[in-house]
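Participant: Let me give you the structure first, and then I'll get to my questions.
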Amino acid sequence: MIMHYKVSLLTRTLLLAVVFQVTTSQAQQKFSKRQIEKIKTETLNQVQAQHKNTQVMIDKVFSFAELGFQEFETSAYLTKILEEAGFEVKTGLSGIPTSWMATWSFGEGPVIALGSDVDCIPKASQYPGVAYHKPMVEGAPGHGEGHNSGVPVIITAALTLQEQMKKNKLGGTLVIWPGIAEEQLGSKAWYVRDGYFDKIDMCIFTHVSSNLSVSYGQARGTGLISVEYTFDGESAHSAGAPWRGRSALDAAELMNVAWNYKREHLHPLKRSHSIFTDAGDQPNVVPSKASIWYYFRDITYEGIMEMYDDANHIAEGAALMTKTKVSSRVLGSAWPRHFNKVIAEKMYENIQSIGLPEWSEADQQLAKAVQEEVNSNNQKGLATELSELGKPRKNPVSGGSDDIGDISWTIPTVTLRFPSNIPGLQGHHWSNAIAMATPIAHKGATAGAKTVAATVIDFLTQPQLLADAKAYFENVQSKETQYRPMITEKDPPPIYLNKDIMKQYRPELEQFYFDETKYDSYLEQLNIQYPTLNKN
Ligand SMILES: [Zn+2]
C-alpha cells in the first residue's frame with residue numbers, strides 16, 4: 001500500500017512537471033542562477049527605495065480604522081494606487097461592496113495572487129508610538145490586529161515586480177486582493193465558492209507578526225464556523241401581563257447555559273465563544289426577539305461541523321423549553337489552514353538572506369515599555385533572531401483561525417508573517433495597535449515586501465517550482481482531505497455587520513485621517529514624541 005502510493009506520487013509529480021514545462025517553456029526563457037540572483041538583488045534594492053511609499057500607505061490605512069465589511073475608505077485608497085499603476089480593478093466580489101481584485105498581466109506565465117487583510121478591531125482605538133492606553137477616539141475601532149500593514153506590503157512588492165517583469169521579460173500575472181472582514185471570517189470562503197480563485201495558480205498571503213516567518217503543513221490554530229441563532233417569542237407588558245409573554249431572551253440565555261455545560265465535554269483543541277447580539281430593548285417589554293452569536297472552532301472540518309450540529313440541537317431545545325421559534329444564519333467560516341511546502345521552503349531561503357530589520361534604540365524602548373505595560377511574559381523587546389521554518393506539528397495546537405484556510409485548500413498557498421508588531425501581546429487589543437504606525441511597522445513591512453517580491457521572482461524564473469508546488473497540493477496535501485465548503489450556495493455574506501458602529505464613529509475618526517501632503521508621518525501629524533513611554 002505504502003509502496004504503491006510512493007510510486008504513484010512520483011509518477012504523478014513527474015507527469016505534472018513534464019506537462020508544465022512543455023506549456024511554459026515557449027513563453028519563458030531560462031535563467032541561470034547568477035541571473036536570478038542579479039534580478040533578486042535589484043528587486044530588494046527597489047523595495048528598499050520604496051520605503052517612504054510603504055510608510056505612507058501603512059499610516060494612511062491605520063488612520064481609517066475601519067471594521068469588517070465597512071472598509072470603504074481603505075479600499076478606495078488602495079485601489080486608486082493600483083489603478084494608477086496600471087492594474088485593472090474589479091470591485092463588489094460576491095456581493096461584498098468593499099471587496100476588490102486588481103489584476104496586471106505581462107504576457108504568458110503563472111497567475112500569482114498576493115493577498116492580506118484590511119479590517120480592524122472594535123474598541124481598539126489607540127495613539128501609535130505611545131506605550132500606554134490612550135485612545136484616539138474613546139470607544140472607537142482601531143488597528144489592534146495590525147491589518148493596516150499587510151496590503152501595503154503586497155502593493156510595495158507588486159509595484160517592484162511590475163518593473164522587474166518588464167525589464168527582464170518575465171511573463172506572468174499579478175492579482176492583488178484584500179481579505180475583507182477577516183475578523184468575521186466573512187469573505188474568503190465566498191470568493192472560493194464564487195470561483196474567483198479558479199484561474200489562479202498560487203497565492204502568497206501575508207499577515208502581520210513579530211518575526212519574519214513562514215510555515216507549511218497544518219498551521220497552528222483552528223478553523224471555525226460562525227453562526228448567529230435568533231429566537232422569536234411574544235412580547236407583553238413585563239409587569240402588567242408577564243404570563244402572556246414568551247421571552248426570546250429566556251431562550252437565548254438557556255442556549256447559553258446549555259452550551260456552557262457542553263463546554264465541559266469539549267476536547268481541549270476545540271474552542272467556542274459567543275456574544276448576545278440582541279438581548280431585548282428594555283426591561284418592561286418581554287423581549288420578542290433575541291440573538292446569540294457563536295464561533296465554533298476546531299482543528300478539523302469534521303470537528304467544527306460536529307460542534308455546529310450539537311449547537312443546533314441545543315438551540316432547538318431552548319426553543320422547545322420556552323415555546324419560541326429559532327432560526328440561524330451562518331455569518332462566517334474558515335477552514336483549518338494547510339500551507340504549501342514548496343512555496344514555504346523557497347520563501348524561507350529568501351527570509352534567511354533578507355533577515356530581520358535593524359531596530360533603533362527608540363523602537364526597542366517602545367517595545368519593552370509596552371510589554372511591561374501589559375504584563376507580558378516576553379519583555380525582551382523586538383525580535384532580533386529569525387525563527388525557524390515552521391514545520392507540521394506532531395501535536396496540533398489550538399488557537400485562532402483565518403479564512404485564508406479556504407484559499408489554501410483551493411490553490412497552493414502560504415502565509416508570510418512579517419515583523420511589524422511587538423512580540424508577547426495578547427492580540428485583538430489596543431496594545432497591538434501601538435506599533436502599527438511607527439518605524440517598527442514600516443521597517444517590518446519593507447522586510448515583508450522584500451520577501452514577497454523575491455519569492456515571486458523565484459516562481460517567475462523557475463517554472464519547475466510551481467509544478468512542484470502544485471504536485472504537493474495534489475498529492476500530499478489533498479491526499480486524504482477533500483475541501484467541502486461550510487457555507488451553502490445560498491448563504492449571503494453578512495455585509496450589514498459593523499455598519500452602525502462605523503456610522504457612529506466615522507465622523508470623529510475623519511478628523512484624524514492621515515494627510516501625507518502636509519506631514520511626513522502620522523506620528524508627526526499627531527504630534528507624538530517617539531517613543532512616548534510615560535504618562536507625564
Ligand atoms: Zn489577522
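Residue numbering restarts at 1 in every chain; chains get A, B, ... in the order shown in the C-alpha cells, and ligands count up from 1 in that same order.
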If you count only C-alpha atoms, which residues fall within 12 Å of His267 in chain A, apart from same-chain ones fewer than 2 positions away, as number ranges by chain?

Facilitator: A: 262-265, 269-272, 297-299, 303-304, 306-307, 398

Participant: Selected residues, N, CA, C and O atoms, written as a short mmCIF file (atom, residue, chain, number, x, y, z; two decimals), in the first residue's frame, please.

Facilitator:
```
data_model
loop_
_atom_site.label_atom_id
_atom_site.label_comp_id
_atom_site.auth_asym_id
_atom_site.auth_seq_id
_atom_site.Cartn_x
_atom_site.Cartn_y
_atom_site.Cartn_z
N LYS A 262 -22.09 22.04 27.92
CA LYS A 262 -21.47 21.27 26.84
C LYS A 262 -19.95 21.49 26.82
O LYS A 262 -19.17 20.58 26.57
N ARG A 263 -19.55 22.73 27.12
CA ARG A 263 -18.14 23.11 27.03
C ARG A 263 -17.24 22.20 27.88
O ARG A 263 -16.11 21.93 27.52
N GLU A 264 -17.81 21.70 29.01
CA GLU A 264 -17.05 20.80 29.89
C GLU A 264 -16.61 19.54 29.14
O GLU A 264 -15.61 18.92 29.49
N HIS A 265 -17.37 19.18 28.10
CA HIS A 265 -17.11 17.91 27.40
C HIS A 265 -16.46 18.10 26.04
O HIS A 265 -16.44 17.19 25.23
N LEU A 269 -8.71 20.87 22.19
CA LEU A 269 -8.35 21.59 20.95
C LEU A 269 -9.53 22.41 20.40
O LEU A 269 -9.35 23.28 19.56
N LYS A 270 -10.74 22.09 20.88
CA LYS A 270 -11.92 22.84 20.43
C LYS A 270 -12.07 24.12 21.26
O LYS A 270 -11.78 24.13 22.45
N ARG A 271 -12.52 25.18 20.62
CA ARG A 271 -12.79 26.43 21.34
C ARG A 271 -14.08 27.04 20.84
O ARG A 271 -14.40 26.92 19.66
N SER A 272 -14.82 27.70 21.73
CA SER A 272 -16.02 28.40 21.28
C SER A 272 -16.25 29.61 22.17
O SER A 272 -15.85 29.62 23.33
N ARG A 297 -14.89 26.51 17.03
CA ARG A 297 -13.56 26.27 16.43
C ARG A 297 -13.05 24.87 16.74
O ARG A 297 -13.22 24.36 17.85
N ASP A 298 -12.36 24.31 15.76
CA ASP A 298 -11.64 23.05 15.97
C ASP A 298 -10.53 22.96 14.92
O ASP A 298 -10.48 23.78 13.99
N ILE A 299 -9.68 21.94 15.07
CA ILE A 299 -8.57 21.82 14.12
C ILE A 299 -8.93 20.99 12.89
O ILE A 299 -8.14 20.86 11.97
N GLY A 303 -14.64 18.13 13.06
CA GLY A 303 -14.84 18.57 14.44
C GLY A 303 -15.66 19.85 14.51
O GLY A 303 -16.49 20.02 15.42
N ILE A 304 -15.43 20.74 13.57
CA ILE A 304 -16.18 22.00 13.53
C ILE A 304 -17.66 21.72 13.27
O ILE A 304 -18.54 22.23 13.96
N GLU A 306 -19.30 19.03 13.75
CA GLU A 306 -19.91 18.30 14.87
C GLU A 306 -20.38 19.28 15.94
O GLU A 306 -21.48 19.17 16.49
N MET A 307 -19.54 20.30 16.23
CA MET A 307 -19.94 21.32 17.21
C MET A 307 -21.18 22.08 16.73
O MET A 307 -22.10 22.37 17.49
N SER A 398 -4.23 24.46 19.43
CA SER A 398 -5.47 25.20 19.18
C SER A 398 -5.16 26.70 19.12
O SER A 398 -4.03 27.12 19.35
#
```

Participant: Kindly assemble as a tab-separated table a list of the range 367-482 of chain A residues that lie within 10 Å of range 113-118 of chain A, each paired with its nearest atom pair and their distance in Å to one decimal, using only C-alpha atoms, sorted first by chain and then by ascending residue number.

Facilitator:
```
residue	atom	partner	partner_atom	distance
A:Asp402	CA	A:Asp117	CA	9.8
A:Ile404	CA	A:Ser116	CA	9.1
A:Ile411	CA	A:Ala113	CA	9.9
A:Thr413	CA	A:Ala113	CA	9.1
A:Thr415	CA	A:Ser116	CA	9.0
A:Leu416	CA	A:Ser116	CA	9.8
A:Val452	CA	A:Leu114	CA	8.4
A:Val456	CA	A:Leu114	CA	9.5
```

Participant: Within 7 Å of Ala445 in chain A, counting only C-alpha atoms, which residues show up once you throw out same-chain ones fewer than 5 positions away? Write them as JSON, numbers by chain, please.

Facilitator: {"A": [149, 153, 418, 420]}

Participant: Return the single residue from A:Ser327, A:Ser408, A:Ser75, A:Thr384 that is closest to Ala251 in chain A, with distances computed using only C-alpha atoms.

Facilitator: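 When distances to Ala251 in chain A are compared using only C-alpha atoms, the smallest one comes from A:Ser327.
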
Participant: Which residues come within 12 Å of Ser187 in chain A, counting only C-alpha atoms, excluding same-chain residues fewer than 6 positions away, as a PyMOL selection string?

Facilitator: chain A and resi 68-69+92-100+116-119+177-181+193-194+196+331-334+402-407+487+491-495

Participant: Would you put the residues from that selection into a file with N, CA and C atoms, as a compact mmCIF listing (two decimals), in the first residue's frame?

Facilitator:
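Dumped everything to part-v2.txt:
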```
# COMPACT_ATOMS: atom_id res chain seq x y z
N GLY A 68 -14.69 45.32 9.74
CA GLY A 68 -15.04 44.40 8.66
C GLY A 68 -16.31 44.77 7.92
N PHE A 69 -16.31 44.64 6.62
CA PHE A 69 -17.39 44.96 5.68
C PHE A 69 -17.60 46.47 5.52
N GLY A 92 -16.72 44.69 -5.75
CA GLY A 92 -18.00 44.04 -5.44
C GLY A 92 -18.02 42.54 -5.62
N LEU A 93 -16.91 41.87 -5.33
CA LEU A 93 -16.86 40.40 -5.43
C LEU A 93 -17.87 39.78 -4.46
N SER A 94 -18.54 38.75 -4.89
CA SER A 94 -19.51 38.00 -4.06
C SER A 94 -20.54 38.93 -3.41
N GLY A 95 -20.81 40.07 -4.02
CA GLY A 95 -21.79 41.00 -3.46
C GLY A 95 -21.28 41.75 -2.23
N ILE A 96 -19.96 41.77 -2.03
CA ILE A 96 -19.39 42.49 -0.89
C ILE A 96 -18.89 43.85 -1.39
N PRO A 97 -19.55 44.95 -0.97
CA PRO A 97 -19.23 46.26 -1.56
C PRO A 97 -17.78 46.69 -1.40
N THR A 98 -17.12 46.33 -0.28
CA THR A 98 -15.75 46.82 -0.06
C THR A 98 -14.69 45.91 -0.67
N SER A 99 -15.10 44.82 -1.31
CA SER A 99 -14.11 43.87 -1.83
C SER A 99 -13.59 44.29 -3.20
N TRP A 100 -12.42 43.78 -3.57
CA TRP A 100 -11.86 44.06 -4.89
C TRP A 100 -10.75 43.07 -5.23
N SER A 116 -3.81 40.11 1.57
CA SER A 116 -3.71 40.39 3.01
C SER A 116 -5.00 41.04 3.48
N ASP A 117 -5.23 41.03 4.80
CA ASP A 117 -6.48 41.57 5.35
C ASP A 117 -6.39 43.08 5.59
N VAL A 118 -7.55 43.72 5.74
CA VAL A 118 -7.55 45.18 5.90
C VAL A 118 -8.42 45.71 7.06
N ASP A 119 -9.18 44.84 7.71
CA ASP A 119 -10.15 45.34 8.70
C ASP A 119 -9.52 45.47 10.09
N TRP A 177 -5.36 41.25 -3.85
CA TRP A 177 -6.73 41.19 -3.28
C TRP A 177 -6.67 41.32 -1.77
N PRO A 178 -7.65 41.97 -1.17
CA PRO A 178 -7.69 42.05 0.29
C PRO A 178 -8.66 41.04 0.89
N GLY A 179 -8.33 40.53 2.07
CA GLY A 179 -9.30 39.78 2.85
C GLY A 179 -10.21 40.81 3.51
N ILE A 180 -11.46 40.81 3.12
CA ILE A 180 -12.44 41.73 3.71
C ILE A 180 -13.03 41.05 4.95
N ALA A 181 -13.26 41.85 6.00
CA ALA A 181 -13.91 41.32 7.21
C ALA A 181 -13.27 40.02 7.67
N ARG A 193 -16.18 29.98 -3.18
CA ARG A 193 -17.47 29.47 -3.65
C ARG A 193 -17.82 30.06 -5.02
N ASP A 194 -17.53 31.36 -5.18
CA ASP A 194 -17.96 32.05 -6.40
C ASP A 194 -16.89 32.02 -7.51
N TYR A 196 -13.61 32.93 -7.76
CA TYR A 196 -12.62 33.98 -8.03
C TYR A 196 -11.18 33.47 -8.02
N LEU A 331 -22.63 33.28 9.55
CA LEU A 331 -22.08 34.62 9.30
C LEU A 331 -20.62 34.57 8.82
N GLY A 332 -20.01 33.42 8.96
CA GLY A 332 -18.62 33.32 8.51
C GLY A 332 -18.13 31.90 8.63
N SER A 333 -17.02 31.61 7.97
CA SER A 333 -16.43 30.28 8.09
C SER A 333 -14.97 30.34 7.69
N ALA A 334 -14.22 29.39 8.20
CA ALA A 334 -12.79 29.32 7.86
C ALA A 334 -12.34 27.88 7.99
N ASP A 402 -8.15 31.78 10.43
CA ASP A 402 -8.10 32.80 9.37
C ASP A 402 -8.70 32.14 8.14
N ASP A 403 -9.61 32.85 7.49
CA ASP A 403 -10.29 32.22 6.34
C ASP A 403 -9.38 32.08 5.12
N ILE A 404 -8.09 32.41 5.26
CA ILE A 404 -7.13 32.05 4.20
C ILE A 404 -7.11 30.51 4.07
N GLY A 405 -7.56 29.81 5.12
CA GLY A 405 -7.68 28.36 5.06
C GLY A 405 -8.44 27.90 3.82
N ASP A 406 -9.52 28.59 3.50
CA ASP A 406 -10.32 28.18 2.33
C ASP A 406 -9.54 28.35 1.02
N ILE A 407 -8.74 29.42 0.95
CA ILE A 407 -7.90 29.61 -0.25
C ILE A 407 -6.82 28.53 -0.28
N ILE A 487 -20.09 27.00 3.93
CA ILE A 487 -21.25 27.82 3.54
C ILE A 487 -21.95 27.14 2.36
N ASP A 491 -26.04 30.97 1.19
CA ASP A 491 -25.65 31.89 2.27
C ASP A 491 -25.09 33.20 1.71
N PRO A 492 -25.72 34.36 2.05
CA PRO A 492 -25.13 35.62 1.61
C PRO A 492 -24.09 36.10 2.62
N PRO A 493 -23.06 36.84 2.18
CA PRO A 493 -22.13 37.40 3.17
C PRO A 493 -22.84 38.47 4.01
N PRO A 494 -22.59 38.52 5.32
CA PRO A 494 -23.32 39.45 6.19
C PRO A 494 -22.76 40.87 6.12
N ILE A 495 -22.99 41.52 4.98
CA ILE A 495 -22.33 42.81 4.73
C ILE A 495 -22.87 43.96 5.60
```

Participant: For a quick check of understanding, using only C-alpha atoms and all ligand atoms, which of A:Ile58, A:Ala236, A:Met165, A:Leu185 has the smallest distance to ligand 1?

Facilitator: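 Ranked by minimum distance to ligand 1, first place goes to A:Leu185.
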
Participant: List all protein, DNA and RNA residues that have an atom no more than 7 Å from any atom of ligand 1, counting only C-alpha atoms and all ligand atoms, and report them as number ranges by chain.

Facilitator: A: 117, 145, 147, 182-183, 207, 402
